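J.: What follows is the file start_25.csv, containing CSV, C-alpha atoms:
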chain,number,residue,atom,x,y,z
W,269,MET,CA,14.3,33.1,23.0
W,270,SER,CA,17.8,32.8,24.5
W,271,SER,CA,16.4,31.5,27.8
W,272,ALA,CA,14.9,28.3,26.4
W,273,ARG,CA,16.5,25.4,28.2
W,274,SER,CA,15.0,22.4,26.4
W,275,LEU,CA,12.8,21.2,23.6
W,276,LEU,CA,9.3,20.1,24.5
W,277,LEU,CA,7.5,17.6,22.2
W,278,TYR,CA,4.0,16.2,22.4
W,279,CYS,CA,3.4,12.7,21.3
W,280,ARG,CA,0.9,9.8,21.6
W,281,ALA,CA,0.9,8.2,25.0
W,282,GLY,CA,3.0,5.0,24.9
W,283,PHE,CA,5.4,6.4,22.2
W,284,GLU,CA,7.5,8.6,24.5
W,285,LYS,CA,10.6,6.4,24.1
W,286,ASP,CA,10.3,6.5,20.3
W,287,CYS,CA,9.9,10.3,20.3
W,288,ALA,CA,12.8,10.7,22.7
W,289,GLN,CA,15.1,8.4,20.6
W,290,GLU,CA,14.2,10.3,17.4
W,291,ILE,CA,14.9,13.8,18.8
W,292,ALA,CA,18.2,12.7,20.4
W,293,THR,CA,19.3,11.1,17.2
W,294,ILE,CA,18.5,14.2,15.1
W,295,ALA,CA,20.1,16.5,17.7
W,296,ALA,CA,23.3,14.4,17.7
W,297,GLY,CA,23.4,14.7,13.9
W,298,ASP,CA,23.6,18.4,14.4
W,299,GLY,CA,26.3,18.1,17.0
W,300,VAL,CA,24.0,18.7,20.0
W,301,TYR,CA,24.1,16.2,22.8
W,302,GLY,CA,22.0,16.0,25.9
W,303,HIS,CA,19.5,13.8,27.8
W,304,THR,CA,15.8,13.2,27.3
W,305,ILE,CA,13.0,13.1,29.9
W,306,ALA,CA,10.4,10.6,28.8
W,307,VAL,CA,8.0,9.1,31.2
W,308,GLU,CA,5.8,6.3,29.8
W,309,GLN,CA,2.2,7.3,29.2
W,310,GLN,CA,2.7,11.0,29.9
W,311,ALA,CA,2.4,11.9,26.2
W,312,TRP,CA,5.3,14.5,26.2
W,313,VAL,CA,9.0,14.4,26.0
W,314,GLN,CA,11.8,16.9,26.8
W,315,PHE,CA,15.2,17.0,25.3
W,316,VAL,CA,17.7,18.9,27.5
W,317,PRO,CA,21.0,19.8,25.8
W,318,ASN,CA,24.2,19.6,27.8
W,319,THR,CA,24.8,23.2,26.8
W,320,PRO,CA,21.6,25.2,26.7
W,321,ASN,CA,22.7,27.7,24.0
W,322,HIS,CA,23.3,24.7,21.7
W,323,LEU,CA,19.5,24.7,21.0
W,324,ALA,CA,20.2,27.4,18.5
W,325,LYS,CA,22.3,24.9,16.4
W,326,LEU,CA,19.3,22.7,15.8
W,327,LYS,CA,17.5,23.2,12.5
W,328,LEU,CA,14.2,21.5,13.3
W,329,ARG,CA,10.8,21.5,11.7
W,330,LEU,CA,7.9,19.6,13.0
W,331,ASP,CA,7.1,18.1,9.7
W,332,GLU,CA,10.4,16.4,9.7
W,333,LEU,CA,9.8,14.6,12.9
W,334,ILE,CA,7.8,11.3,12.8
W,335,PHE,CA,6.6,10.8,16.4
W,336,ALA,CA,6.2,14.4,17.6
W,337,ARG,CA,2.8,16.2,17.3
W,338,GLN,CA,4.1,19.5,18.6
W,339,LEU,CA,7.6,21.1,18.8
W,340,LEU,CA,8.2,23.8,21.4
W,341,TYR,CA,11.1,25.6,23.1
W,342,ALA,CA,10.7,25.4,26.8
W,343,SER,CA,11.7,27.0,30.1
W,344,GLU,CA,12.2,24.8,33.2
W,345,HIS,CA,9.4,22.6,34.5
W,346,LEU,CA,7.8,24.7,37.3
W,347,LYS,CA,6.7,22.7,40.3
W,348,GLY,CA,5.0,23.8,43.5
W,349,LEU,CA,3.0,26.6,41.9
W,350,PRO,CA,1.1,28.5,44.7
W,351,LYS,CA,-2.6,27.7,44.5
W,352,GLY,CA,-3.6,31.3,45.2
W,353,ASP,CA,-1.4,32.8,42.5
W,354,ARG,CA,-0.1,30.6,39.7
W,355,VAL,CA,-0.1,33.6,37.3
W,356,THR,CA,2.9,35.4,38.8
W,357,PRO,CA,5.6,32.6,38.3
W,358,LEU,CA,4.1,31.7,34.9
W,359,LEU,CA,4.3,35.4,33.8
W,360,ALA,CA,7.9,35.7,35.0
W,361,HIS,CA,9.1,32.7,33.0
W,362,ALA,CA,7.1,33.8,29.9
W,363,ARG,CA,8.7,37.2,30.1
W,364,GLU,CA,12.2,35.7,30.3
W,365,LEU,CA,11.5,33.2,27.5
W,366,SER,CA,10.5,35.8,24.9
W,367,PRO,CA,11.0,39.4,26.0
W,368,ARG,CA,9.5,40.6,22.6
W,369,GLY,CA,6.2,39.0,23.6
W,370,TYR,CA,3.9,36.5,22.0
W,371,SER,CA,1.3,36.3,19.2
W,372,GLU,CA,-1.2,34.5,21.4
W,373,ILE,CA,-1.5,32.1,24.4
W,374,TRP,CA,-2.5,28.5,24.6
W,375,CYS,CA,-2.9,26.8,28.0
W,376,GLU,CA,-2.9,23.0,27.4
W,377,THR,CA,-2.7,19.6,28.9
W,378,ALA,CA,-1.2,16.4,27.6
W,379,ASP,CA,-3.4,14.0,25.6
W,380,THR,CA,-4.0,11.5,28.4
W,381,ASN,CA,-7.2,10.8,30.4
W,382,GLU,CA,-5.4,11.8,33.6
W,383,ALA,CA,-4.1,15.0,32.2
W,384,LYS,CA,-7.4,16.0,30.7
W,385,GLU,CA,-8.7,16.4,34.3
W,386,LEU,CA,-6.5,19.6,34.3
W,387,SER,CA,-8.3,21.1,31.3
W,388,SER,CA,-10.6,23.2,33.5
W,389,LEU,CA,-7.6,24.6,35.3
W,390,ALA,CA,-5.9,25.4,32.0
W,391,ARG,CA,-9.0,27.3,30.8
W,392,ALA,CA,-9.3,29.1,34.0
W,393,ILE,CA,-5.7,30.3,34.0
W,394,THR,CA,-5.8,31.5,30.3
W,395,GLY,CA,-7.8,34.7,30.9
W,396,PRO,CA,-5.9,36.1,34.0
W,397,LEU,CA,-2.5,35.2,32.4
W,398,ALA,CA,-3.5,36.9,29.1
W,399,ARG,CA,-4.5,40.0,30.9
W,400,ALA,CA,-1.2,40.1,32.8
W,401,LEU,CA,0.8,39.7,29.6
W,402,ARG,CA,-1.2,42.5,27.9
W,403,ALA,CA,-0.5,44.7,30.9
W,404,GLU,CA,3.2,44.3,30.2
W,405,LYS,CA,2.6,44.7,26.4
W,406,LEU,CA,3.7,41.1,25.9
W,407,LEU,CA,0.5,40.1,24.1
W,408,PRO,CA,-1.5,41.9,21.4
W,409,THR,CA,-5.0,43.3,22.1
W,410,GLU,CA,-7.6,40.6,22.4
W,411,GLY,CA,-8.7,39.4,18.9
W,412,GLU,CA,-5.4,40.3,17.3
W,413,VAL,CA,-2.5,38.0,16.4
W,414,ASP,CA,1.0,39.0,15.3
W,415,PRO,CA,2.2,35.9,13.2
W,416,ARG,CA,5.8,37.1,13.5
W,417,LEU,CA,5.9,36.4,17.2
W,418,PRO,CA,6.1,33.0,18.9
W,419,ARG,CA,3.0,31.5,20.5
W,420,LEU,CA,3.1,31.0,24.3
W,421,HIS,CA,2.2,27.5,25.5
W,422,ILE,CA,1.6,26.6,29.1
W,423,LEU,CA,1.5,22.8,29.5
W,424,PHE,CA,-0.1,21.9,32.9
W,425,THR,CA,1.3,18.6,34.2
W,426,ALA,CA,-0.3,18.8,37.6
W,427,THR,CA,-2.5,21.3,39.5
W,428,ASP,CA,0.7,22.9,40.8
W,429,ALA,CA,3.1,22.2,37.9
W,430,ALA,CA,3.5,23.5,34.4
W,431,ILE,CA,6.1,23.9,31.6
W,432,VAL,CA,6.3,27.4,30.0
W,433,ALA,CA,7.2,27.0,26.3
W,434,CYS,CA,6.8,28.8,23.0
W,435,ALA,CA,6.2,27.7,19.4
W,436,ARG,CA,8.3,29.3,16.7
W,437,PRO,CA,6.4,30.4,13.6
W,438,GLY,CA,6.8,27.8,10.8
W,439,GLN,CA,8.3,25.1,13.1
W,440,CYS,CA,5.2,24.1,15.0
W,441,SER,CA,1.6,22.7,14.7
W,442,ASP,CA,-1.2,25.2,14.6
W,443,TRP,CA,-3.6,22.7,16.2
W,444,PRO,CA,-4.1,22.8,20.0
W,445,MET,CA,-2.2,20.0,21.6
W,446,GLY,CA,-0.9,19.3,18.1
W,447,ILE,CA,-4.0,17.2,17.4
W,448,VAL,CA,-5.8,17.4,14.1
W,449,ARG,CA,-9.4,17.3,15.2
W,450,LEU,CA,-11.8,15.8,12.5
W,451,LYS,CA,-15.4,14.8,12.7
W,452,MET,CA,-16.5,11.4,11.5
W,453,PRO,CA,-18.3,12.2,8.2
W,454,ARG,CA,-21.7,10.8,7.6
W,455,GLY,CA,-21.7,8.1,5.0
W,456,ALA,CA,-18.1,7.0,5.4
W,457,PRO,CA,-17.8,3.2,5.7
W,458,SER,CA,-15.3,3.2,8.5
W,459,ARG,CA,-13.3,5.4,10.8
W,460,SER,CA,-10.2,4.7,8.8
W,461,THR,CA,-11.4,7.5,6.5
W,462,LEU,CA,-10.2,10.0,9.1
W,463,LYS,CA,-6.7,8.7,8.8
W,464,LEU,CA,-6.4,9.4,5.1
W,465,HIS,CA,-8.1,12.8,5.6
W,466,GLU,CA,-5.5,13.7,8.2
W,467,ALA,CA,-2.7,12.4,6.1
W,468,PHE,CA,-3.7,14.6,3.2
W,469,MET,CA,-3.8,17.6,5.6
W,470,THR,CA,-0.5,16.8,7.3
W,471,LEU,CA,1.8,15.2,4.8
W,472,LEU,CA,1.1,17.3,1.7
W,473,THR,CA,2.2,20.9,1.2
W,474,GLU,CA,-0.3,23.5,0.0
W,475,LYS,CA,1.2,23.4,-3.4
W,476,GLU,CA,0.9,19.6,-3.5
W,477,HIS,CA,-2.7,19.9,-2.4
W,478,ARG,CA,-3.5,22.1,-5.4
W,479,SER,CA,-1.6,20.0,-7.9
W,480,ALA,CA,-2.1,16.5,-6.7
W,481,LEU,CA,-5.6,16.4,-5.4
W,482,GLN,CA,-7.5,17.3,-8.6
W,483,PRO,CA,-11.0,16.1,-9.6
W,484,GLY,CA,-10.9,13.5,-12.3
W,485,MET,CA,-7.6,11.9,-11.2
W,486,LYS,CA,-7.3,8.2,-11.1
W,487,ALA,CA,-6.4,6.3,-7.9
W,488,VAL,CA,-5.9,2.7,-6.7
W,489,ASP,CA,-6.8,1.7,-3.2
W,490,LEU,CA,-4.9,-1.5,-2.1
W,491,GLY,CA,-6.7,-3.4,0.6
W,492,ALA,CA,-9.7,-1.1,0.2
W,493,ALA,CA,-12.7,-2.9,1.9
W,494,PRO,CA,-15.0,-1.7,3.2
W,495,GLY,CA,-13.9,1.6,1.6
W,496,GLY,CA,-12.9,4.1,4.2
W,497,TRP,CA,-9.9,5.4,2.2
W,498,THR,CA,-11.8,5.0,-1.1
W,499,TRP,CA,-14.5,7.2,0.3
W,500,GLN,CA,-12.0,10.0,0.8
W,501,LEU,CA,-10.8,9.7,-2.8
W,502,VAL,CA,-14.3,9.7,-4.1
W,503,GLN,CA,-15.1,12.9,-2.0
W,504,ARG,CA,-12.3,14.5,-4.0
W,505,HIS,CA,-14.0,13.4,-7.2
W,506,MET,CA,-11.4,10.8,-8.2
W,507,GLN,CA,-12.0,7.6,-10.2
W,508,VAL,CA,-10.9,4.8,-7.9
W,509,THR,CA,-10.0,1.1,-8.5
W,510,ALA,CA,-10.6,-0.6,-5.2
W,511,ILE,CA,-8.5,-3.8,-4.8
W,512,ASP,CA,-9.7,-6.2,-2.1
W,513,ASN,CA,-11.1,-9.7,-1.9
W,514,GLY,CA,-13.5,-8.4,0.8
W,515,ARG,CA,-16.9,-6.6,0.2
W,516,MET,CA,-17.0,-2.9,-0.5
W,517,ASP,CA,-19.6,-0.6,1.0
W,518,ALA,CA,-22.8,-0.7,-1.2
W,519,GLU,CA,-23.5,3.0,-1.0
W,520,LEU,CA,-20.0,3.8,-2.0
W,521,MET,CA,-20.2,1.6,-5.0
W,522,GLU,CA,-23.4,3.4,-6.1
W,523,SER,CA,-21.3,6.6,-6.6
W,524,GLY,CA,-20.2,5.4,-10.0
W,525,GLN,CA,-16.7,6.4,-9.3
W,526,VAL,CA,-15.4,3.1,-7.9
W,527,LYS,CA,-14.5,-0.2,-9.7
W,528,HIS,CA,-14.0,-3.1,-7.4
W,529,ARG,CA,-11.5,-5.8,-8.4
W,530,ARG,CA,-11.4,-8.9,-6.1
W,531,GLU,CA,-7.6,-9.4,-6.4
W,532,ASP,CA,-4.5,-9.7,-4.3
W,533,GLY,CA,-3.3,-6.2,-3.5
W,534,TYR,CA,0.3,-7.4,-3.5
W,535,HIS,CA,0.2,-8.5,-7.1
W,536,TYR,CA,-2.1,-6.0,-8.8
W,537,ALA,CA,-0.6,-3.5,-11.2
W,538,PRO,CA,-2.6,-0.9,-13.2
W,539,PRO,CA,-2.6,-1.0,-17.1
W,540,LYS,CA,-1.6,2.7,-17.1
W,541,THR,CA,0.0,5.1,-14.7
W,542,VAL,CA,-2.4,6.4,-12.1
W,543,ASP,CA,-2.2,9.5,-10.1
W,544,TRP,CA,-2.4,7.9,-6.6
W,545,VAL,CA,-1.9,4.6,-4.9
W,546,VAL,CA,-3.0,4.3,-1.3
W,547,CYS,CA,-2.5,1.3,0.9
W,548,ASP,CA,-3.7,0.3,4.3
W,549,MET,CA,-2.9,-3.4,4.1
W,550,VAL,CA,-1.8,-5.3,7.2
W,551,ALA,CA,1.8,-6.6,6.6
W,552,ALA,CA,5.3,-6.2,7.8
W,553,PRO,CA,6.5,-2.6,7.3
W,554,ALA,CA,9.4,-3.7,5.0
W,555,ARG,CA,7.0,-5.5,2.7
W,556,ILE,CA,4.8,-2.4,2.3
W,557,ALA,CA,7.8,-0.2,1.8
W,558,THR,CA,9.1,-2.5,-0.9
W,559,LEU,CA,5.6,-2.6,-2.6
W,560,MET,CA,5.2,1.2,-2.5
W,561,ALA,CA,8.7,1.8,-3.8
W,562,ASP,CA,8.0,-0.5,-6.7
W,563,TRP,CA,4.8,1.3,-7.5
W,564,ILE,CA,6.6,4.6,-7.7
W,565,GLY,CA,9.8,3.3,-9.2
W,566,ASN,CA,8.0,1.4,-12.0
W,567,ASN,CA,5.8,4.4,-12.7
W,568,HIS,CA,2.6,2.7,-11.7
W,569,ALA,CA,1.6,5.8,-9.7
W,570,ARG,CA,2.8,9.3,-9.3
W,571,HIS,CA,2.0,9.6,-5.6
W,572,ALA,CA,1.8,7.0,-2.9
W,573,LEU,CA,0.3,7.2,0.6
W,574,PHE,CA,0.5,4.2,2.9
W,575,ASN,CA,0.6,2.9,6.4
W,576,LEU,CA,3.5,1.1,8.0
W,577,LYS,CA,2.3,-1.2,10.8
W,578,LEU,CA,4.9,-0.8,13.7
W,579,PRO,CA,6.5,-3.6,15.8
W,580,MET,CA,6.2,-3.4,19.5
W,581,LYS,CA,9.9,-2.6,19.9
W,582,LYS,CA,12.6,-0.8,17.9
W,583,ARG,CA,10.0,1.2,16.0
W,584,LEU,CA,12.4,4.0,14.9
W,585,GLU,CA,14.9,1.4,13.7
W,586,GLU,CA,12.2,-0.3,11.6
W,587,LEU,CA,11.2,3.0,10.0
W,588,GLN,CA,14.8,3.7,9.2
W,589,ARG,CA,15.0,0.3,7.6
W,590,CYS,CA,11.9,1.2,5.5
W,591,GLN,CA,13.5,4.5,4.4
W,592,ASP,CA,16.6,2.5,3.3
W,593,ILE,CA,14.6,0.0,1.4
W,594,ILE,CA,12.7,2.8,-0.5
W,595,ALA,CA,16.0,4.6,-1.3
W,596,ASP,CA,17.6,1.3,-2.6
W,597,LYS,CA,14.5,0.4,-4.6
W,598,LEU,CA,14.4,3.8,-6.2
W,599,ASP,CA,18.0,3.3,-7.2
W,600,GLY,CA,19.3,6.8,-6.4
W,601,HIS,CA,16.4,8.7,-7.9
W,602,ASP,CA,15.6,11.8,-5.9
W,603,HIS,CA,12.4,11.4,-4.0
W,604,VAL,CA,10.2,12.9,-1.4
W,605,LEU,CA,9.4,10.7,1.6
W,606,ARG,CA,7.5,12.0,4.6
W,607,MET,CA,6.4,9.9,7.6
W,608,LYS,CA,4.2,10.9,10.5
W,609,HIS,CA,2.6,9.2,13.5
W,610,LEU,CA,-0.8,10.8,13.0
W,611,TYR,CA,-3.4,11.4,15.7
W,612,HIS,CA,-5.7,8.9,13.9
W,613,ASP,CA,-3.0,6.3,13.7
W,614,ARG,CA,-2.5,3.8,16.4
W,615,GLU,CA,0.3,1.2,16.1
W,616,GLU,CA,1.3,2.5,12.7
W,617,VAL,CA,2.9,5.4,10.9
W,618,THR,CA,1.6,7.0,7.7
W,619,ALA,CA,3.9,7.8,4.8
W,620,TYR,CA,3.8,9.8,1.6
W,621,LEU,CA,6.1,9.1,-1.3
W,622,ARG,CA,6.8,10.6,-4.8
W,623,LEU,CA,9.7,11.2,-7.1
W,624,ASP,CA,11.2,14.6,-6.8
W,625,GLN,CA,10.9,16.5,-10.1
W,626,SER,CA,12.0,19.9,-8.7
W,627,PRO,CA,15.2,21.5,-10.0
W,628,PRO,CA,18.4,20.6,-8.1
W,629,SER,CA,18.6,24.0,-6.4
W,630,ARG,CA,15.2,23.7,-4.9
W,631,ARG,CA,15.3,20.1,-3.8
W,632,ARG,CA,14.5,19.3,-0.1
If you convert what's in this file into structure tokens, what do you get?
T.:
Amino acid sequence: MSSARSLLLYCRAGFEKDCAQEIATIAAGDGVYGHTIAVEQQAWVQFVPNTPNHLAKLKLRLDELIFARQLLYASEHLKGLPKGDRVTPLLAHARELSPRGYSEIWCETADTNEAKELSSLARAITGPLARALRAEKLLPTEGEVDPRLPRLHILFTATDAAIVACARPGQCSDWPMGIVRLKMPRGAPSRSTLKLHEAFMTLLTEKEHRSALQPGMKAVDLGAAPGGWTWQLVQRHMQVTAIDNGRMDAELMESGQVKHRREDGYHYAPPKTVDWVVCDMVAAPARIATLMADWIGNNHARHALFNLKLPMKKRLEELQRCQDIIADKLDGHDHVLRMKHLYHDREEVTAYLRLDQSPPSRRR
């Protein structure tokens, strides 16, 4: 993958500057400097290092980036693709980007209404390009996937323009366009339930899924009404204490797994340690970060999952401030803190927090 010239990151439209600032900051921390290409409302960002081979110095994983949905290593932005033969130039750059070949091919567009008009073109190109790659033994037989190889991505930015990129195994999202697609479940009280579902899928490891989402666990939902997040916990057969002065969904209360307490979520504390606290209250990010750090630090809960409502400007700085608050409140205790701007988030970031009980040699 020596010919990669830049990083290509997908993000939510309107958050390009935040995504660009984050990747530039992380790259600088690894001693890699360059410039970013971030056009408002285009839903993707490029980071171009001053020295192309310095990309190899970056030790990146998508799950460590807050604003990026997808992390790819890219060739140049091809423009002026001939209408009669787009495959030939795309094939040439794909061949150069990964001479060993690819596990599979995804032709995509950005997540914007304008870009979605290119989706039919992306679908139409996939078949001919795949056949051309197979003819050069750069793609396995149809129906086969070699997980050791990178995945080829073609991001169409116009009818005559595309970025050829590849996703490295273990560093990328395995969802097309980096979007976790979920259907609204029947019976859920609100669409916010999708946010918690995606958070469990995105912010927890497979091991944490097995150990931390067990039937019979006890959870507290702060700011619960009408019950979108509580519904997700109930579906996992947990016993939930819902804290909110508002009314809870009647059908949810009939489950027998929910106790509703009309109290202030900022002042409630459980009589005994619970397995989970989840929080989707509207407040300044620093206040929620302080509250969640107190819950974990005071052993009120073993795991916390919460939303941080973002300001209109200096979003990354505000999240870094929240990280510092949590570290200070936990007074030097090793902890796991992951943040992600989820697909089902809007002007917020979702975070997961727990103390780190792993041996020193295995700590993140």
J.: With distances taken over only C-alpha atoms, which of W:Leu386, W:Ala403, W:Cys434, W:Val313 is nearest to Tyr370 (chain W)?
T.: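 Once distances to Tyr370 (chain W) are computed over only C-alpha atoms, the minimum belongs to W:Cys434.
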J.: Residues of region 271-367 of chain W that approach region 413-423 of chain W to 9 Å or less, counting all atoms listed in the file: could you list each one with the shortest pair of atoms and its distance in Å to one decimal, rows by chain and increasing residue number, as CSV?
T.:
residue,atom,partner,partner_atom,distance
W:Leu340,CA,W:His421,CA,8.2
W:Ala342,CA,W:His421,CA,8.9
W:Leu358,CA,W:Ile422,CA,8.1
W:Ala362,CA,W:Leu420,CA,7.4
W:Ser366,CA,W:Pro418,CA,7.9
J.: Mind dumping the selected residues with C-alpha atoms as a PDB file, in the frame of the given file?
T.:
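As a result, part_36.pdb now contains:
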ATOM      1  CA  LEU W 340       8.200  23.800  21.400  1.00  0.00           C
ATOM      2  CA  ALA W 342      10.700  25.400  26.800  1.00  0.00           C
ATOM      3  CA  LEU W 358       4.100  31.700  34.900  1.00  0.00           C
ATOM      4  CA  ALA W 362       7.100  33.800  29.900  1.00  0.00           C
ATOM      5  CA  SER W 366      10.500  35.800  24.900  1.00  0.00           C
TER       6      SER W 366
END
J.: Could you pull out every residue with an atom within 10 Å of (3.7, 26.5, 12.7), file coordinates, counting all atoms listed in the file, and send them as a PDB file with C-alpha atoms, in the frame of the given file?
T.:
ATOM      1  CA  ARG W 329      10.800  21.500  11.700  1.00  0.00           C
ATOM      2  CA  LEU W 330       7.900  19.600  13.000  1.00  0.00           C
ATOM      3  CA  ASP W 331       7.100  18.100   9.700  1.00  0.00           C
ATOM      4  CA  GLN W 338       4.100  19.500  18.600  1.00  0.00           C
ATOM      5  CA  LEU W 339       7.600  21.100  18.800  1.00  0.00           C
ATOM      6  CA  PRO W 415       2.200  35.900  13.200  1.00  0.00           C
ATOM      7  CA  PRO W 418       6.100  33.000  18.900  1.00  0.00           C
ATOM      8  CA  ARG W 419       3.000  31.500  20.500  1.00  0.00           C
ATOM      9  CA  ALA W 435       6.200  27.700  19.400  1.00  0.00           C
ATOM     10  CA  ARG W 436       8.300  29.300  16.700  1.00  0.00           C
ATOM     11  CA  PRO W 437       6.400  30.400  13.600  1.00  0.00           C
ATOM     12  CA  GLY W 438       6.800  27.800  10.800  1.00  0.00           C
ATOM     13  CA  GLN W 439       8.300  25.100  13.100  1.00  0.00           C
ATOM     14  CA  CYS W 440       5.200  24.100  15.000  1.00  0.00           C
ATOM     15  CA  SER W 441       1.600  22.700  14.700  1.00  0.00           C
ATOM     16  CA  ASP W 442      -1.200  25.200  14.600  1.00  0.00           C
ATOM     17  CA  TRP W 443      -3.600  22.700  16.200  1.00  0.00           C
TER      18      TRP W 443
END
J.: Excluding same-chain residues fewer than 2 positions from Lys327 (chain W), what lies within 10 Å of it counting only C-alpha atoms, as an MDAnalysis selection string?
T.: chainID W and resid 294:295 298 323:325 329 439
J.: Can you pull out every residue within 7 Å of Gly533 (chain W), counting only C-alpha atoms, but drop anything in the same chain fewer than 6 positions away, and send it as number ranges by chain?
T.: W: 490-491, 511-512
J.: Could you state the separation of CA of His345 (chain W) and CA of Ala430 (chain W) in Å, given to one decimal place?
T.: 6.0 Å
J.: Counting all atoms listed in the file, which residues come within 8 Å of (-12.8, -6.8, -4.8), with the point read in the file's coordinates, and could you list them as a ChimeraX atom specification?
T.: /W:493,510-516,528-531
J.: When you look at region 477-486 of chain W with a cut-off of 12 Å (counting only C-alpha atoms), what residues show up, excluding the ones that are within fewer than 4 positions of it in the same chain? I need them as an MDAnalysis selection string.
T.: chainID W and resid 465 467:473 498 500:510 525:527 538:546 568:572 622
J.: What is the distance, in Å and to one decimal place, between CA of His601 (chain W) and CA of Gln625 (chain W)?
T.: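 Distance reported for this atom pair: 9.8 Å.
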J.: Restricting the calculation to only C-alpha atoms: of W:Glu519, W:Ala390, W:Glu476, W:Phe315, which residue gets closest to Tyr620 (chain W)?
T.: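 Using only C-alpha atoms, the shortest distance to Tyr620 (chain W) belongs to W:Glu476.
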J.: Provide the CA of Glu585 (chain W) to CA of Gln289 (chain W) distance in Å, to one decimal place.
T.: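 These two atoms are separated by 9.8 Å.
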J.: Hey, what's within 10 Å of Thr377 (chain W) if we count all atoms listed in the file and toss same-chain stuff fewer than 6 positions away? As a list in words, please?
T.: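 Once the adjacent positions are removed, what remains is Tyr278, Ala311, Trp312, Ala383, Lys384, Glu385, Leu386, Ser387, Ser388, Leu389, Ala390, His421, Ile422, Leu423, Phe424, Thr425, Ala426, Ala430, Pro444 and Met445 of chain W.
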J.: Find the residues near Thr293 (chain W): any atom within 12 Å, counting all atoms listed in the file, skip ones fewer than 5 places away on the same chain, and give them as a list in words.
T.: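 The residues satisfying every condition are Asp286, Cys287, Ala288, Asp298, Gly299, Val300, Tyr301, Gly302, His303, Thr304, Phe315, Leu326, Leu333, Leu584, Glu585 and Gln588 of chain W.
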J.: Nearest residue to Ala554 (chain W) out of W:Glu616, W:Glu522, W:Asp602, W:Glu586, using only C-alpha atoms?
T.: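 When distances to Ala554 (chain W) are compared using only C-alpha atoms, the smallest one comes from W:Glu586.
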J.: Compare W:Leu406, W:Leu328, W:Leu359, W:Ala492 by their minimum atom-to-atom distance to Phe574 (chain W), counting only C-alpha atoms, and give me the closest one.
T.: W:Ala492
